[in-house]
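See below for work-v6.cif, which holds mmCIF, C-alpha atoms and all ligand atoms.
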data_work
#
loop_
_atom_site.label_atom_id
_atom_site.label_comp_id
_atom_site.auth_asym_id
_atom_site.auth_seq_id
_atom_site.Cartn_x
_atom_site.Cartn_y
_atom_site.Cartn_z
CA MET D 1 -78.23 72.53 -36.39
CA LYS D 2 -76.08 75.62 -35.81
CA LYS D 3 -75.74 76.59 -32.13
CA ASP D 4 -77.55 79.76 -31.17
CA SER D 5 -75.55 82.91 -30.52
CA ILE D 6 -77.69 85.44 -28.66
CA LEU D 7 -77.33 89.22 -28.52
CA ILE D 8 -79.13 91.16 -25.78
CA THR D 9 -79.43 94.91 -26.29
CA GLY D 10 -80.10 97.11 -23.25
CA ALA D 11 -78.63 94.22 -21.26
CA CYS D 12 -77.73 96.32 -18.23
CA GLY D 13 -81.36 97.29 -17.65
CA GLN D 14 -83.74 95.78 -15.10
CA LEU D 15 -84.77 92.81 -17.27
CA GLY D 16 -81.63 92.35 -19.37
CA THR D 17 -79.22 91.31 -16.66
CA GLU D 18 -81.45 88.59 -15.18
CA LEU D 19 -82.66 87.39 -18.56
CA GLY D 20 -79.07 87.22 -19.81
CA ILE D 21 -77.99 85.09 -16.84
CA ALA D 22 -80.94 82.72 -17.44
CA LEU D 23 -79.95 82.47 -21.12
CA GLN D 24 -76.32 81.80 -20.15
CA ASN D 25 -77.55 78.91 -17.98
CA ILE D 26 -79.37 77.40 -20.95
CA HIS D 27 -77.00 78.14 -23.84
CA GLY D 28 -73.62 78.58 -22.11
CA ASN D 29 -71.70 81.75 -21.22
CA ASN D 30 -70.09 82.12 -24.63
CA ALA D 31 -73.42 82.00 -26.43
CA VAL D 32 -74.80 85.17 -24.81
CA ILE D 33 -73.50 88.63 -25.71
CA PHE D 34 -74.61 91.38 -23.34
CA SER D 35 -74.63 94.86 -24.89
CA ASP D 36 -75.53 98.33 -23.70
CA ILE D 37 -74.27 101.89 -23.99
CA ARG D 38 -72.03 101.15 -20.98
CA ARG D 39 -71.24 98.13 -18.83
CA SER D 40 -72.79 97.91 -15.35
CA ASP D 41 -71.35 96.24 -12.24
CA GLN D 42 -74.43 94.03 -12.06
CA LEU D 43 -73.34 91.91 -15.02
CA PRO D 44 -71.62 88.62 -14.23
CA PRO D 45 -67.83 89.18 -14.42
CA ASP D 46 -67.52 86.47 -17.07
CA ALA D 47 -70.28 87.93 -19.29
CA LEU D 48 -69.25 88.74 -22.86
CA PHE D 49 -70.00 92.45 -23.23
CA GLU D 50 -70.01 94.97 -26.07
CA ASN D 51 -70.64 98.70 -25.89
CA LEU D 52 -73.49 99.27 -28.31
CA ASP D 53 -75.84 102.10 -29.12
CA THR D 54 -78.53 100.30 -31.13
CA THR D 55 -79.54 103.48 -32.95
CA GLN D 56 -76.25 103.04 -34.86
CA SER D 57 -77.06 100.36 -37.43
CA GLN D 58 -73.45 99.84 -38.54
CA ASP D 59 -72.27 99.18 -34.99
CA LEU D 60 -75.09 96.69 -34.55
CA ALA D 61 -74.17 94.99 -37.84
CA LYS D 62 -70.52 94.65 -36.76
CA ILE D 63 -71.49 92.87 -33.56
CA VAL D 64 -73.95 90.59 -35.34
CA GLU D 65 -71.14 89.68 -37.75
CA LYS D 66 -68.43 89.33 -35.08
CA TYR D 67 -70.39 86.82 -32.99
CA GLN D 68 -72.42 85.25 -35.85
CA ILE D 69 -75.57 86.19 -33.94
CA THR D 70 -78.67 84.07 -34.56
CA GLN D 71 -81.12 85.61 -32.06
CA ILE D 72 -81.58 89.13 -30.67
CA TYR D 73 -83.42 90.09 -27.49
CA HIS D 74 -83.89 93.79 -28.14
CA LEU D 75 -84.49 95.35 -24.72
CA ALA D 76 -82.93 98.81 -25.17
CA ALA D 77 -85.61 101.51 -24.75
CA ILE D 78 -86.52 104.66 -22.82
CA LEU D 79 -89.42 103.95 -20.41
CA SER D 80 -92.67 105.81 -19.78
CA ALA D 81 -91.89 108.52 -17.19
CA LYS D 82 -88.45 109.42 -18.54
CA GLY D 83 -89.85 109.39 -22.09
CA GLU D 84 -92.31 112.17 -21.24
CA GLN D 85 -89.37 114.45 -20.37
CA MET D 86 -87.85 114.02 -23.83
CA PRO D 87 -90.59 112.90 -26.24
CA LEU D 88 -88.82 113.36 -29.56
CA SER D 89 -85.55 111.74 -28.58
CA THR D 90 -87.47 108.88 -26.92
CA TRP D 91 -89.35 108.28 -30.14
CA LYS D 92 -86.12 108.35 -32.11
CA ILE D 93 -84.22 106.06 -29.76
CA ASN D 94 -87.06 103.54 -29.35
CA MET D 95 -88.03 103.39 -33.03
CA ASP D 96 -84.63 103.71 -34.74
CA SER D 97 -83.19 100.97 -32.57
CA LEU D 98 -86.13 98.61 -33.18
CA LEU D 99 -86.06 99.17 -36.93
CA ASN D 100 -82.29 98.58 -36.98
CA VAL D 101 -82.79 95.28 -35.17
CA LEU D 102 -85.64 94.19 -37.46
CA GLU D 103 -83.65 95.14 -40.56
CA ILE D 104 -80.55 93.21 -39.51
CA GLY D 105 -82.85 90.32 -38.65
CA ARG D 106 -84.27 90.41 -42.18
CA GLU D 107 -80.92 90.89 -43.92
CA LYS D 108 -79.05 88.20 -42.01
CA LYS D 109 -82.06 85.88 -41.78
CA LEU D 110 -81.75 85.64 -37.99
CA ASN D 111 -83.65 82.76 -36.35
CA LYS D 112 -85.60 84.83 -33.83
CA ILE D 113 -86.04 88.35 -32.50
CA TYR D 114 -87.58 89.28 -29.16
CA PHE D 115 -89.15 92.72 -28.69
CA PRO D 116 -90.74 93.69 -25.35
CA SER D 117 -94.03 95.56 -25.49
CA SER D 118 -95.83 96.87 -22.42
CA ILE D 119 -99.16 97.69 -20.79
CA ALA D 120 -98.19 101.23 -21.84
CA ALA D 121 -99.41 100.33 -25.35
CA PHE D 122 -102.96 100.74 -23.98
CA GLY D 123 -104.47 104.17 -23.27
CA THR D 124 -107.09 106.14 -21.39
CA ASN D 125 -110.04 104.85 -23.40
CA THR D 126 -109.00 101.18 -23.16
CA PRO D 127 -111.40 99.18 -20.92
CA LYS D 128 -109.48 99.03 -17.63
CA GLU D 129 -110.53 95.79 -15.98
CA ASN D 130 -109.36 92.47 -17.35
CA THR D 131 -108.12 94.28 -20.46
CA GLN D 132 -108.47 92.02 -23.50
CA GLN D 133 -105.78 91.07 -25.96
CA ASP D 134 -107.55 92.87 -28.82
CA THR D 135 -109.13 96.10 -27.67
CA ILE D 136 -108.96 99.88 -28.10
CA MET D 137 -105.33 101.00 -28.04
CA HIS D 138 -104.70 104.75 -28.07
CA PRO D 139 -101.60 105.14 -25.85
CA ASN D 140 -101.04 108.49 -24.14
CA THR D 141 -97.26 108.42 -23.65
CA VAL D 142 -94.53 108.51 -26.27
CA TYR D 143 -93.18 105.26 -24.79
CA GLY D 144 -96.63 103.68 -25.22
CA ILE D 145 -96.91 104.97 -28.79
CA SER D 146 -93.48 103.49 -29.55
CA LYS D 147 -94.54 100.13 -28.07
CA LEU D 148 -97.80 99.95 -30.03
CA THR D 149 -96.02 100.99 -33.22
CA GLY D 150 -93.27 98.47 -32.46
CA GLU D 151 -95.86 95.70 -32.15
CA LEU D 152 -97.18 96.57 -35.60
CA TRP D 153 -93.68 96.63 -37.09
CA ALA D 154 -92.97 93.24 -35.48
CA GLN D 155 -96.09 91.83 -37.10
CA TYR D 156 -95.19 93.47 -40.42
CA TYR D 157 -91.70 91.89 -40.52
CA PHE D 158 -93.25 88.52 -39.67
CA GLN D 159 -95.94 88.75 -42.34
CA LYS D 160 -93.85 90.34 -45.08
CA TYR D 161 -90.43 88.72 -44.55
CA GLY D 162 -91.18 85.66 -42.43
CA LEU D 163 -88.94 87.01 -39.63
CA ASP D 164 -89.80 85.16 -36.40
CA VAL D 165 -90.40 88.16 -34.12
CA ARG D 166 -92.09 87.44 -30.76
CA SER D 167 -93.31 89.89 -28.16
CA LEU D 168 -94.97 90.25 -24.74
CA ARG D 169 -96.87 93.15 -23.19
CA TYR D 170 -95.15 93.25 -19.80
CA PRO D 171 -96.88 94.59 -16.74
CA GLY D 172 -94.72 96.47 -14.19
CA LEU D 173 -91.70 94.27 -13.39
CA ILE D 174 -90.51 93.88 -9.82
CA SER D 175 -87.02 92.73 -8.90
CA TYR D 176 -84.29 93.24 -6.32
CA LYS D 177 -81.19 92.41 -8.39
CA THR D 178 -81.16 95.21 -10.97
CA LEU D 179 -83.18 98.36 -10.39
CA PRO D 180 -85.59 99.82 -12.95
CA GLY D 181 -85.17 103.40 -14.15
CA GLY D 182 -87.59 105.93 -15.60
CA GLY D 183 -90.80 103.88 -15.34
CA THR D 184 -94.19 104.55 -13.77
CA THR D 185 -94.38 101.15 -12.08
CA ASP D 186 -90.97 101.68 -10.38
CA TYR D 187 -92.69 102.52 -7.08
CA ALA D 188 -93.41 98.79 -6.65
CA VAL D 189 -89.64 98.18 -6.45
CA ASP D 190 -88.71 101.31 -4.44
CA ILE D 191 -91.26 100.50 -1.77
CA TYR D 192 -89.48 97.26 -0.81
CA PHE D 193 -86.06 98.92 -0.59
CA LYS D 194 -87.44 101.77 1.52
CA ALA D 195 -89.27 99.25 3.73
CA ILE D 196 -85.94 97.63 4.62
CA GLN D 197 -83.92 100.87 4.76
CA GLU D 198 -86.37 103.29 6.43
CA ASN D 199 -89.50 101.32 7.39
CA GLN D 200 -91.57 103.92 5.57
CA TYR D 201 -92.26 105.03 2.00
CA THR D 202 -93.75 108.01 0.20
CA CYS D 203 -95.49 106.78 -2.92
CA PHE D 204 -95.71 108.85 -6.12
CA LEU D 205 -99.03 107.15 -7.01
CA SER D 206 -102.27 107.38 -5.03
CA GLU D 207 -103.31 104.56 -2.72
CA ASN D 208 -105.94 102.95 -4.95
CA THR D 209 -104.02 102.99 -8.25
CA TYR D 210 -104.26 99.40 -9.44
CA LEU D 211 -101.77 98.24 -12.05
CA PRO D 212 -100.84 94.83 -13.47
CA MET D 213 -97.49 93.67 -12.04
CA MET D 214 -95.14 90.67 -12.24
CA TYR D 215 -92.20 89.31 -10.27
CA MET D 216 -88.97 89.05 -12.26
CA PRO D 217 -88.57 85.24 -12.08
CA ASP D 218 -91.97 84.92 -13.80
CA ALA D 219 -91.04 87.54 -16.41
CA VAL D 220 -87.74 85.83 -17.24
CA ARG D 221 -89.34 82.38 -17.43
CA GLY D 222 -92.28 83.68 -19.51
CA THR D 223 -89.94 85.39 -21.97
CA ILE D 224 -87.83 82.28 -22.46
CA GLU D 225 -90.92 80.04 -22.71
CA LEU D 226 -92.33 82.30 -25.42
CA MET D 227 -89.05 82.24 -27.33
CA GLU D 228 -88.72 78.46 -27.02
CA ALA D 229 -92.34 77.69 -27.89
CA GLU D 230 -92.89 75.82 -31.14
CA TYR D 231 -93.27 78.17 -34.10
CA ASP D 232 -96.84 77.08 -34.87
CA LYS D 233 -98.02 77.86 -31.36
CA ILE D 234 -97.25 81.56 -31.76
CA GLN D 235 -100.40 82.76 -33.45
CA THR D 236 -100.20 86.31 -32.09
CA ARG D 237 -97.54 88.34 -33.87
CA THR D 238 -98.19 91.74 -32.34
CA ALA D 239 -97.57 91.04 -28.60
CA TYR D 240 -99.24 88.83 -25.99
CA ASN D 241 -100.87 90.23 -22.86
CA LEU D 242 -98.89 88.70 -19.99
CA GLY D 243 -100.43 88.77 -16.52
CA ALA D 244 -99.55 87.61 -13.03
CA MET D 245 -101.06 89.87 -10.37
CA SER D 246 -102.66 93.26 -9.95
CA PHE D 247 -102.41 95.47 -6.88
CA SER D 248 -102.53 99.04 -5.58
CA PRO D 249 -99.87 100.82 -3.47
CA LYS D 250 -102.15 100.35 -0.45
CA GLU D 251 -102.26 96.58 -1.01
CA VAL D 252 -98.52 96.20 -1.42
CA ALA D 253 -98.05 98.24 1.78
CA GLN D 254 -100.44 95.86 3.57
CA ALA D 255 -98.50 92.86 2.26
CA ILE D 256 -95.28 94.40 3.65
CA GLN D 257 -97.01 95.13 6.98
CA LYS D 258 -97.75 91.41 7.38
CA LEU D 259 -93.99 90.98 7.78
CA GLN D 260 -93.09 94.44 9.13
CA PRO D 261 -96.14 95.71 11.05
CA ALA D 262 -94.48 99.08 11.78
CA PHE D 263 -94.02 99.89 8.08
CA SER D 264 -95.88 103.06 7.08
CA ILE D 265 -96.80 104.62 3.74
CA GLN D 266 -97.72 108.16 2.66
CA TYR D 267 -98.99 109.27 -0.72
CA ALA D 268 -97.75 112.22 -2.79
CA PRO D 269 -98.96 111.60 -6.37
CA ASP D 270 -96.94 113.41 -9.03
CA HIS D 271 -96.89 113.60 -12.86
CA ARG D 272 -96.69 109.78 -13.03
CA GLN D 273 -100.26 109.46 -11.69
CA ALA D 274 -101.74 110.50 -15.04
CA ILE D 275 -99.63 107.89 -16.82
CA ALA D 276 -100.74 105.15 -14.40
CA ASP D 277 -104.37 106.26 -14.77
CA SER D 278 -104.15 105.74 -18.53
CA TRP D 279 -103.10 102.07 -18.16
CA PRO D 280 -105.15 98.91 -17.49
CA ARG D 281 -105.88 97.91 -13.89
CA SER D 282 -105.74 94.21 -14.74
CA LEU D 283 -105.03 92.09 -17.83
CA ASP D 284 -106.70 89.17 -19.57
CA ASP D 285 -103.79 86.99 -20.67
CA SER D 286 -105.85 83.96 -21.69
CA ARG D 287 -104.38 84.01 -25.22
CA ALA D 288 -100.84 83.43 -23.84
CA ARG D 289 -102.19 80.75 -21.50
CA GLN D 290 -103.95 78.95 -24.36
CA GLU D 291 -101.38 79.26 -27.13
CA TRP D 292 -98.13 78.52 -25.27
CA GLN D 293 -99.37 77.55 -21.79
CA TRP D 294 -98.27 80.65 -19.88
CA GLN D 295 -98.72 80.24 -16.12
CA PRO D 296 -97.38 82.71 -13.51
CA GLN D 297 -96.08 81.39 -10.19
CA TYR D 298 -95.83 84.42 -7.91
CA ASP D 299 -98.66 86.31 -6.23
CA LEU D 300 -98.29 89.45 -4.10
CA ASN D 301 -97.61 87.69 -0.79
CA ARG D 302 -95.10 85.21 -2.15
CA MET D 303 -93.26 87.96 -4.01
CA THR D 304 -93.26 90.25 -0.96
CA GLU D 305 -91.65 87.59 1.23
CA ASP D 306 -88.98 86.93 -1.38
CA MET D 307 -88.28 90.63 -2.07
CA LEU D 308 -87.93 91.59 1.60
CA LYS D 309 -85.77 88.56 2.45
CA ASN D 310 -83.39 89.19 -0.45
CA ILE D 311 -83.14 92.97 -0.06
CA ALA D 312 -82.39 92.53 3.65
CA LEU D 313 -79.64 90.03 2.75
CA GLN D 314 -78.28 92.36 0.06
CA LEU D 315 -78.17 95.36 2.39
CA GLY D 316 -76.80 93.32 5.29
CA LYS D 317 -79.89 93.95 7.45
CA THR D 318 -81.83 91.43 9.48
CA LEU D 319 -85.46 91.09 8.59
CA ILE D 320 -87.13 91.00 11.98
CA LYS D 321 -90.80 90.35 12.32
CA GLN D 322 -91.71 93.30 14.54
CA SER D 323 -94.87 93.14 16.60
C1 LIG D 401 -92.91 101.65 -17.12
O1 LIG D 401 -93.43 101.88 -16.02
O2 LIG D 401 -92.67 102.51 -17.96
C2 LIG D 401 -92.58 100.21 -17.47
C3 LIG D 401 -93.69 99.56 -18.22
C4 LIG D 401 -94.97 99.24 -17.58
O3 LIG D 401 -93.52 99.26 -19.38
N1 LIG D 401 -92.30 99.47 -16.28
#
Before anything else, please render the file you have as structure tokens.
Amino acid sequence: MKKDSILITGACGQLGTELGIALQNIHGNNAVIFSDIRRSDQLPPDALFENLDTTQSQDLAKIVEKYQITQIYHLAAILSAKGEQMPLSTWKINMDSLLNVLEIGREKKLNKIYFPSSIAAFGTNTPKENTQQDTIMHPNTVYGISKLTGELWAQYYFQKYGLDVRSLRYPGLISYKTLPGGGTTDYAVDIYFKAIQENQYTCFLSENTYLPMMYMPDAVRGTIELMEAEYDKIQTRTAYNLGAMSFSPKEVAQAIQKLQPAFSIQYAPDHRQAIADSWPRSLDDSRARQEWQWQPQYDLNRMTEDMLKNIALQLGKTLIKQS
């Protein structure tokens, strides 16, 4: 069988860098092509990189040809909060790039395509607790509309052309290696950095805003497990709910205080509160658990210990248990 050659779009984003490194470990450095509109310092120095704006179909086609690409992880997108500042260009960027990827997948008969969906695909009138896989979906942000539409396009290309497109509805992703940008769940990353840097944090969401969240090692493993699962196991061709934990800003602050009792938090909700309020508070991901045996490993406390330890190391600070 031909060896896989994998293209990651939006590879310098929060998920792309870590996912790309995990894929390099499995397939070898030369089998993974990182691409983005510009290279970031976070990429491994030996990473193969191409400048690519995925809204330009001819540029995408050239790279697919150059590296004889067999799989694409299409991560390039504008996220929820930033998208609300530029709705029409967000729609254009998110949809044109996805359709370009699906079309090249169809034309070149690529083995597999990965497209990330999000909890943003749900909306205000979705039942909030333990949100089901199949439920009311009327997203309120342009990012959410693009994710729901993207799920339907993914399913369409699978049903009509047999293209093996797979997708997950990610919760908020939390990581210390590459920072997120432009999302509503970004507070759950900022809070850990500010805890180490300033021992206090002002949160842009209110204290009892519960949202589904996931630590990056789980997200990377879940994505690869989905992509490596046997074809017949993938019965859901829109996107799978993917859960791990659910918490509020108050609860993450309490988890930090177990390790840094002097840490303090204030609340100053802004325009992102309405976006968070339109999303589920927790997810039912039983379909992913049943069909391809999804199982998260990190809960809030385990993640908090790991985040604080690693950010302190990164910033050259000592994590002292203060009492
Ligand atoms: C965002 O906040 O926009 C993203 C997401 C939940 O998809 N992190």
Which residues, protein or nucleic acid, reach to within 12 Å of (-83.7, 90.9, -0.2) in the file's coordinates when using all atoms listed in the file, and can you give that as a PyMOL selection string? chain D and resi 175-178+189+192-197+303-319
Using only C-alpha atoms and all ligand atoms, determine which residues fall within 8 Å of ligand LIG 401 (chain D), then list them as a list in words. Leu79, Ser80, Ala81, Ser117, Ser118, Ile119, Ala120, Tyr143, Gly144, Arg169, Tyr170, Pro171, Gly172, Leu173, Pro180, Gly182, Gly183, Thr184, Thr185 and Asp186 of chain D
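With distances taken over all atoms listed in the file, D:Ser264 is the one residue among D:Glu228, D:Arg221, D:Ala188, D:Ser264 lying closest to Gln200 (chain D).
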Polymer residues at most 9 Å from Tyr201 (chain D), all atoms listed in the file, same-chain spacing of 2 or more positions, as a JSON list (two decimals) with C-alpha atoms, in the frame of the given file:
[["chain", "number", "residue", "atom", "x", "y", "z"],
["D", 190, "ASP", "CA", -88.71, 101.31, -4.44],
["D", 191, "ILE", "CA", -91.26, 100.50, -1.77],
["D", 192, "TYR", "CA", -89.48, 97.26, -0.81],
["D", 194, "LYS", "CA", -87.44, 101.77, 1.52],
["D", 195, "ALA", "CA", -89.27, 99.25, 3.73],
["D", 198, "GLU", "CA", -86.37, 103.29, 6.43],
["D", 199, "ASN", "CA", -89.50, 101.32, 7.39],
["D", 203, "CYS", "CA", -95.49, 106.78, -2.92],
["D", 253, "ALA", "CA", -98.05, 98.24, 1.78],
["D", 263, "PHE", "CA", -94.02, 99.89, 8.08],
["D", 264, "SER", "CA", -95.88, 103.06, 7.08],
["D", 265, "ILE", "CA", -96.80, 104.62, 3.74],
["D", 266, "GLN", "CA", -97.72, 108.16, 2.66],
["D", 267, "TYR", "CA", -98.99, 109.27, -0.72]]
Exercise: Phe247 (chain D) partners within 7 Å, all atoms listed in the file, chain neighbours under 4 positions left out, as number ranges by chain: D: 210-212, 251-252
Proximity to Met95 (chain D) - best of D:Glu65, D:Glu18, D:Glu151, D:Asp134, all atoms listed in the file: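 Once distances to Met95 (chain D) are computed over all atoms listed in the file, the minimum belongs to D:Glu151.
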Any idea what's packed within 8 Å of region 108-110 of chain D, counting only C-alpha atoms, ignoring anything in its chain fewer than 5 positions away? Could you give it as a ChimeraX atom specification? /D:69-71,163
